[in-house]
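Structure below is query-v3.pdb: PDB, C-alpha atoms.
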```pdb
ATOM      1  CA  MET K 116       2.244 -20.235   1.733  1.00  0.00           C
ATOM      2  CA  GLY K 117       3.367 -20.548  -1.876  1.00  0.00           C
ATOM      3  CA  ASP K 118      -0.208 -20.884  -3.175  1.00  0.00           C
ATOM      4  CA  LYS K 119      -1.229 -17.483  -1.765  1.00  0.00           C
ATOM      5  CA  PRO K 120      -0.915 -14.312  -3.868  1.00  0.00           C
ATOM      6  CA  ILE K 121       2.371 -12.487  -3.351  1.00  0.00           C
ATOM      7  CA  TRP K 122       0.690  -9.552  -1.574  1.00  0.00           C
ATOM      8  CA  GLU K 123      -0.753 -11.958   1.012  1.00  0.00           C
ATOM      9  CA  GLN K 124       2.636 -13.579   1.533  1.00  0.00           C
ATOM     10  CA  ILE K 125       4.330 -10.195   1.998  1.00  0.00           C
ATOM     11  CA  GLY K 126       1.536  -8.854   4.211  1.00  0.00           C
ATOM     12  CA  SER K 127       1.486 -11.956   6.425  1.00  0.00           C
ATOM     13  CA  SER K 128       5.276 -11.911   6.784  1.00  0.00           C
ATOM     14  CA  PHE K 129       5.218  -8.222   7.688  1.00  0.00           C
ATOM     15  CA  VAL K 130       2.484  -8.715  10.306  1.00  0.00           C
ATOM     16  CA  GLN K 131       4.363 -11.607  11.917  1.00  0.00           C
ATOM     17  CA  HIS K 132       7.599  -9.582  11.981  1.00  0.00           C
ATOM     18  CA  TYR K 133       5.893  -6.449  13.349  1.00  0.00           C
ATOM     19  CA  TYR K 134       4.255  -8.169  16.316  1.00  0.00           C
ATOM     20  CA  GLN K 135       7.382 -10.186  17.132  1.00  0.00           C
ATOM     21  CA  LEU K 136       9.347  -6.924  17.345  1.00  0.00           C
ATOM     22  CA  PHE K 137       6.569  -5.105  19.207  1.00  0.00           C
ATOM     23  CA  ASP K 138       6.254  -7.853  21.825  1.00  0.00           C
ATOM     24  CA  ALA K 139      10.013  -8.399  22.278  1.00  0.00           C
ATOM     25  CA  ASP K 140      11.628  -4.948  21.887  1.00  0.00           C
ATOM     26  CA  ARG K 141       9.620  -1.966  20.600  1.00  0.00           C
ATOM     27  CA  THR K 142      12.805   0.082  20.119  1.00  0.00           C
ATOM     28  CA  GLN K 143      13.591  -2.129  17.102  1.00  0.00           C
ATOM     29  CA  LEU K 144      10.434  -1.032  15.255  1.00  0.00           C
ATOM     30  CA  GLY K 145      12.209   1.988  13.787  1.00  0.00           C
ATOM     31  CA  ALA K 146      13.558  -0.200  11.000  1.00  0.00           C
ATOM     32  CA  ILE K 147      10.093  -0.609   9.452  1.00  0.00           C
ATOM     33  CA  TYR K 148       9.270   3.115   9.203  1.00  0.00           C
ATOM     34  CA  ILE K 149      10.552   5.999   7.088  1.00  0.00           C
ATOM     35  CA  ASP K 150      10.647   9.721   7.861  1.00  0.00           C
ATOM     36  CA  ALA K 151       7.391  10.237   5.907  1.00  0.00           C
ATOM     37  CA  SER K 152       5.518   7.478   7.795  1.00  0.00           C
ATOM     38  CA  CYS K 153       2.313   8.376   9.651  1.00  0.00           C
ATOM     39  CA  LEU K 154       0.755   6.698  12.691  1.00  0.00           C
ATOM     40  CA  THR K 155      -2.685   7.289  14.191  1.00  0.00           C
ATOM     41  CA  TRP K 156      -2.791   5.669  17.635  1.00  0.00           C
ATOM     42  CA  GLU K 157      -6.166   5.865  19.355  1.00  0.00           C
ATOM     43  CA  GLY K 158      -6.878   9.120  17.507  1.00  0.00           C
ATOM     44  CA  GLN K 159      -3.469  10.710  18.153  1.00  0.00           C
ATOM     45  CA  GLN K 160      -1.419  11.545  15.053  1.00  0.00           C
ATOM     46  CA  PHE K 161       2.340  11.055  14.746  1.00  0.00           C
ATOM     47  CA  GLN K 162       4.527  11.640  11.690  1.00  0.00           C
ATOM     48  CA  GLY K 163       8.068  10.502  11.065  1.00  0.00           C
ATOM     49  CA  LYS K 164      10.117   7.541  12.200  1.00  0.00           C
ATOM     50  CA  ALA K 165      11.423   9.241  15.364  1.00  0.00           C
ATOM     51  CA  ALA K 166       7.985  10.435  16.542  1.00  0.00           C
ATOM     52  CA  ILE K 167       6.411   7.031  15.880  1.00  0.00           C
ATOM     53  CA  VAL K 168       9.113   5.082  17.720  1.00  0.00           C
ATOM     54  CA  GLU K 169       8.957   7.564  20.607  1.00  0.00           C
ATOM     55  CA  LYS K 170       5.198   7.000  20.894  1.00  0.00           C
ATOM     56  CA  LEU K 171       5.454   3.207  20.706  1.00  0.00           C
ATOM     57  CA  THR K 172       8.298   2.981  23.225  1.00  0.00           C
ATOM     58  CA  SER K 173       6.543   5.328  25.674  1.00  0.00           C
ATOM     59  CA  LEU K 174       3.363   3.247  25.920  1.00  0.00           C
ATOM     60  CA  PRO K 175       2.638   2.619  29.621  1.00  0.00           C
ATOM     61  CA  PHE K 176       3.349  -1.091  29.959  1.00  0.00           C
ATOM     62  CA  GLN K 177       6.403  -3.241  30.518  1.00  0.00           C
ATOM     63  CA  LYS K 178       5.389  -6.396  28.662  1.00  0.00           C
ATOM     64  CA  ILE K 179       2.815  -7.128  26.002  1.00  0.00           C
ATOM     65  CA  GLN K 180       1.649 -10.115  24.014  1.00  0.00           C
ATOM     66  CA  HIS K 181      -0.404  -9.942  20.812  1.00  0.00           C
ATOM     67  CA  SER K 182      -2.555 -12.762  19.483  1.00  0.00           C
ATOM     68  CA  ILE K 183      -3.728 -12.364  15.874  1.00  0.00           C
ATOM     69  CA  THR K 184      -7.308 -13.497  15.207  1.00  0.00           C
ATOM     70  CA  ALA K 185      -7.495 -12.557  11.524  1.00  0.00           C
ATOM     71  CA  GLN K 186      -5.580 -10.632   8.894  1.00  0.00           C
ATOM     72  CA  ASP K 187      -6.492  -9.499   5.405  1.00  0.00           C
ATOM     73  CA  HIS K 188      -4.248  -8.074   2.699  1.00  0.00           C
ATOM     74  CA  GLN K 189      -4.950  -6.301  -0.580  1.00  0.00           C
ATOM     75  CA  PRO K 190      -2.769  -4.961  -3.373  1.00  0.00           C
ATOM     76  CA  THR K 191      -3.251  -1.275  -4.180  1.00  0.00           C
ATOM     77  CA  PRO K 192      -3.144   0.287  -7.659  1.00  0.00           C
ATOM     78  CA  ASP K 193       0.178   1.982  -6.806  1.00  0.00           C
ATOM     79  CA  SER K 194       1.922  -1.321  -5.919  1.00  0.00           C
ATOM     80  CA  CYS K 195       1.497  -0.999  -2.158  1.00  0.00           C
ATOM     81  CA  ILE K 196      -0.131  -3.518   0.200  1.00  0.00           C
ATOM     82  CA  LEU K 197      -2.991  -2.696   2.554  1.00  0.00           C
ATOM     83  CA  SER K 198      -3.090  -4.964   5.618  1.00  0.00           C
ATOM     84  CA  MET K 199      -5.843  -5.153   8.249  1.00  0.00           C
ATOM     85  CA  VAL K 200      -5.271  -7.040  11.493  1.00  0.00           C
ATOM     86  CA  VAL K 201      -7.786  -8.010  14.187  1.00  0.00           C
ATOM     87  CA  GLY K 202      -6.611  -9.586  17.409  1.00  0.00           C
ATOM     88  CA  GLN K 203      -6.227  -9.494  21.150  1.00  0.00           C
ATOM     89  CA  LEU K 204      -3.481  -8.112  23.342  1.00  0.00           C
ATOM     90  CA  LYS K 205      -2.493  -8.504  26.959  1.00  0.00           C
ATOM     91  CA  ALA K 206      -0.368  -5.789  28.546  1.00  0.00           C
ATOM     92  CA  ASP K 207       1.267  -6.472  31.914  1.00  0.00           C
ATOM     93  CA  ASP K 208      -1.426  -7.848  34.250  1.00  0.00           C
ATOM     94  CA  ASP K 209      -4.312  -6.021  32.560  1.00  0.00           C
ATOM     95  CA  GLN K 210      -7.316  -7.798  31.076  1.00  0.00           C
ATOM     96  CA  VAL K 211      -7.172  -9.087  27.511  1.00  0.00           C
ATOM     97  CA  LEU K 212      -8.384  -6.450  25.041  1.00  0.00           C
ATOM     98  CA  GLY K 213      -9.362  -6.654  21.395  1.00  0.00           C
ATOM     99  CA  PHE K 214      -7.673  -4.418  18.816  1.00  0.00           C
ATOM    100  CA  HIS K 215      -7.774  -3.462  15.142  1.00  0.00           C
ATOM    101  CA  GLN K 216      -4.709  -2.315  13.237  1.00  0.00           C
ATOM    102  CA  THR K 217      -4.201  -1.283   9.625  1.00  0.00           C
ATOM    103  CA  PHE K 218      -0.893  -0.959   7.763  1.00  0.00           C
ATOM    104  CA  LEU K 219      -0.047   0.450   4.351  1.00  0.00           C
ATOM    105  CA  LEU K 220       3.169  -1.156   3.127  1.00  0.00           C
ATOM    106  CA  LYS K 221       5.401   0.166   0.344  1.00  0.00           C
ATOM    107  CA  ASN K 222       8.466  -1.359  -1.263  1.00  0.00           C
ATOM    108  CA  LEU K 223      11.354   1.107  -1.156  1.00  0.00           C
ATOM    109  CA  GLN K 224      14.681  -0.013  -2.619  1.00  0.00           C
ATOM    110  CA  GLY K 225      13.819  -3.680  -2.135  1.00  0.00           C
ATOM    111  CA  ALA K 226      12.552  -3.394   1.463  1.00  0.00           C
ATOM    112  CA  TRP K 227       8.929  -3.262   2.608  1.00  0.00           C
ATOM    113  CA  VAL K 228       8.257  -0.353   4.974  1.00  0.00           C
ATOM    114  CA  CYS K 229       5.162   0.895   6.747  1.00  0.00           C
ATOM    115  CA  THR K 230       4.113   4.293   5.385  1.00  0.00           C
ATOM    116  CA  ASN K 231       0.776   4.497   7.213  1.00  0.00           C
ATOM    117  CA  GLU K 232      -0.598   2.786  10.318  1.00  0.00           C
ATOM    118  CA  VAL K 233      -3.827   3.102  12.320  1.00  0.00           C
ATOM    119  CA  PHE K 234      -4.411   1.427  15.707  1.00  0.00           C
ATOM    120  CA  ARG K 235      -7.559   1.212  17.832  1.00  0.00           C
ATOM    121  CA  LEU K 236      -8.512  -0.867  20.830  1.00  0.00           C
ATOM    122  CA  ALA K 237     -11.858  -2.601  20.332  1.00  0.00           C
ATOM    123  CA  LEU K 238     -13.606  -0.868  23.214  1.00  0.00           C
ATOM    124  CA  HIS K 239     -17.338  -0.250  23.284  1.00  0.00           C
ATOM    125  CA  ASN K 240     -19.600   2.072  25.287  1.00  0.00           C
ATOM    126  CA  ILE K 241     -16.867   4.412  26.468  1.00  0.00           C
TER
END
```
Can I see the file as structure tokens?
Amino acid sequence: MGDKPIWEQIGSSFVQHYYQLFDADRTQLGAIYIDASCLTWEGQQFQGKAAIVEKLTSLPFQKIQHSITAQDHQPTPDSCILSMVVGQLKADDDQVLGFHQTFLLKNLQGAWVCTNEVFRLALHNI
């Protein structure tokens, strides 16, 4: 991992941490957001740590497992990191579904937080 640019190292570490928390205990995700964070989940908009965590913890499944297919990370001119994730998820006994997720990460007081996030299932012909 040491030969990758720092933004890729940070982005990859964030993605791994995010999905570990999401799959194990979504209530713990609050630590990665701030009150100004924004989430768009399947077209629905949420702003603020409390609203985002409420949305994520109220999703209608008991267990979930994410499998990451690919991830890309870029530095932004304002010292943030843009991360794009493509993968598959399995919720409860439902079929496996593809998904796309984008994160904008910002370093605040030495900690990387998610300021913006967009999630979409990879569904076609709906």
Translate the PyMOL selection byres ((chain K and resi 172-175) around 12), as applied to the file shown, into an explicit residue set as a PyMOL selection string.
chain K and resi 136-145+156-157+165-171+176-179+206-207+209
Assuming the chain letters and numbering stay as they are in my file, what does the PyMOL selection byres ((chain K and resi 184-199) around 10) actually select? List them as a tab-separated table (two decimals) with C-alpha atoms, keeping the file's coordinate frame.
```
chain	number	residue	atom	x	y	z
K	120	PRO	CA	-0.92	-14.31	-3.87
K	121	ILE	CA	2.37	-12.49	-3.35
K	122	TRP	CA	0.69	-9.55	-1.57
K	123	GLU	CA	-0.75	-11.96	1.01
K	124	GLN	CA	2.64	-13.58	1.53
K	125	ILE	CA	4.33	-10.20	2.00
K	126	GLY	CA	1.54	-8.85	4.21
K	127	SER	CA	1.49	-11.96	6.42
K	129	PHE	CA	5.22	-8.22	7.69
K	130	VAL	CA	2.48	-8.72	10.31
K	181	HIS	CA	-0.40	-9.94	20.81
K	182	SER	CA	-2.56	-12.76	19.48
K	183	ILE	CA	-3.73	-12.36	15.87
K	200	VAL	CA	-5.27	-7.04	11.49
K	201	VAL	CA	-7.79	-8.01	14.19
K	202	GLY	CA	-6.61	-9.59	17.41
K	203	GLN	CA	-6.23	-9.49	21.15
K	213	GLY	CA	-9.36	-6.65	21.40
K	214	PHE	CA	-7.67	-4.42	18.82
K	215	HIS	CA	-7.77	-3.46	15.14
K	216	GLN	CA	-4.71	-2.32	13.24
K	217	THR	CA	-4.20	-1.28	9.62
K	218	PHE	CA	-0.89	-0.96	7.76
K	219	LEU	CA	-0.05	0.45	4.35
K	220	LEU	CA	3.17	-1.16	3.13
K	221	LYS	CA	5.40	0.17	0.34
K	222	ASN	CA	8.47	-1.36	-1.26
K	227	TRP	CA	8.93	-3.26	2.61
K	228	VAL	CA	8.26	-0.35	4.97
K	229	CYS	CA	5.16	0.90	6.75
K	230	THR	CA	4.11	4.29	5.38
K	231	ASN	CA	0.78	4.50	7.21
K	232	GLU	CA	-0.60	2.79	10.32
K	233	VAL	CA	-3.83	3.10	12.32
```
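Counting from atom CA of K:Ile149, the distance to atom CA of K:Lys119 is 27.7 Å.
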Hey, can you check how far atom CA of K:Gly163 sits from atom CA of K:Tyr133?
17.2 Å
So the first atom is atom CA of K:Gln224 and the second is atom CA of K:Tyr134; what is the distance between them in Å, to one decimal place?
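Separation between atom CA of K:Gln224 and atom CA of K:Tyr134: 23.1 Å.
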What lies within 8 Å of K:Thr155 using all atoms listed in the file, ignoring chain neighbours under 3 positions off, as an NGL selection string?
:K and (158-161 or 232-234)
Could you check the closest approach to K:Gln180 for each of K:Ala146, K:Ala237, K:Leu212, K:Cys153 and tell me which residue wins, using only C-alpha atoms?
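With only C-alpha atoms as the atom set, the closest residue is K:Leu212.
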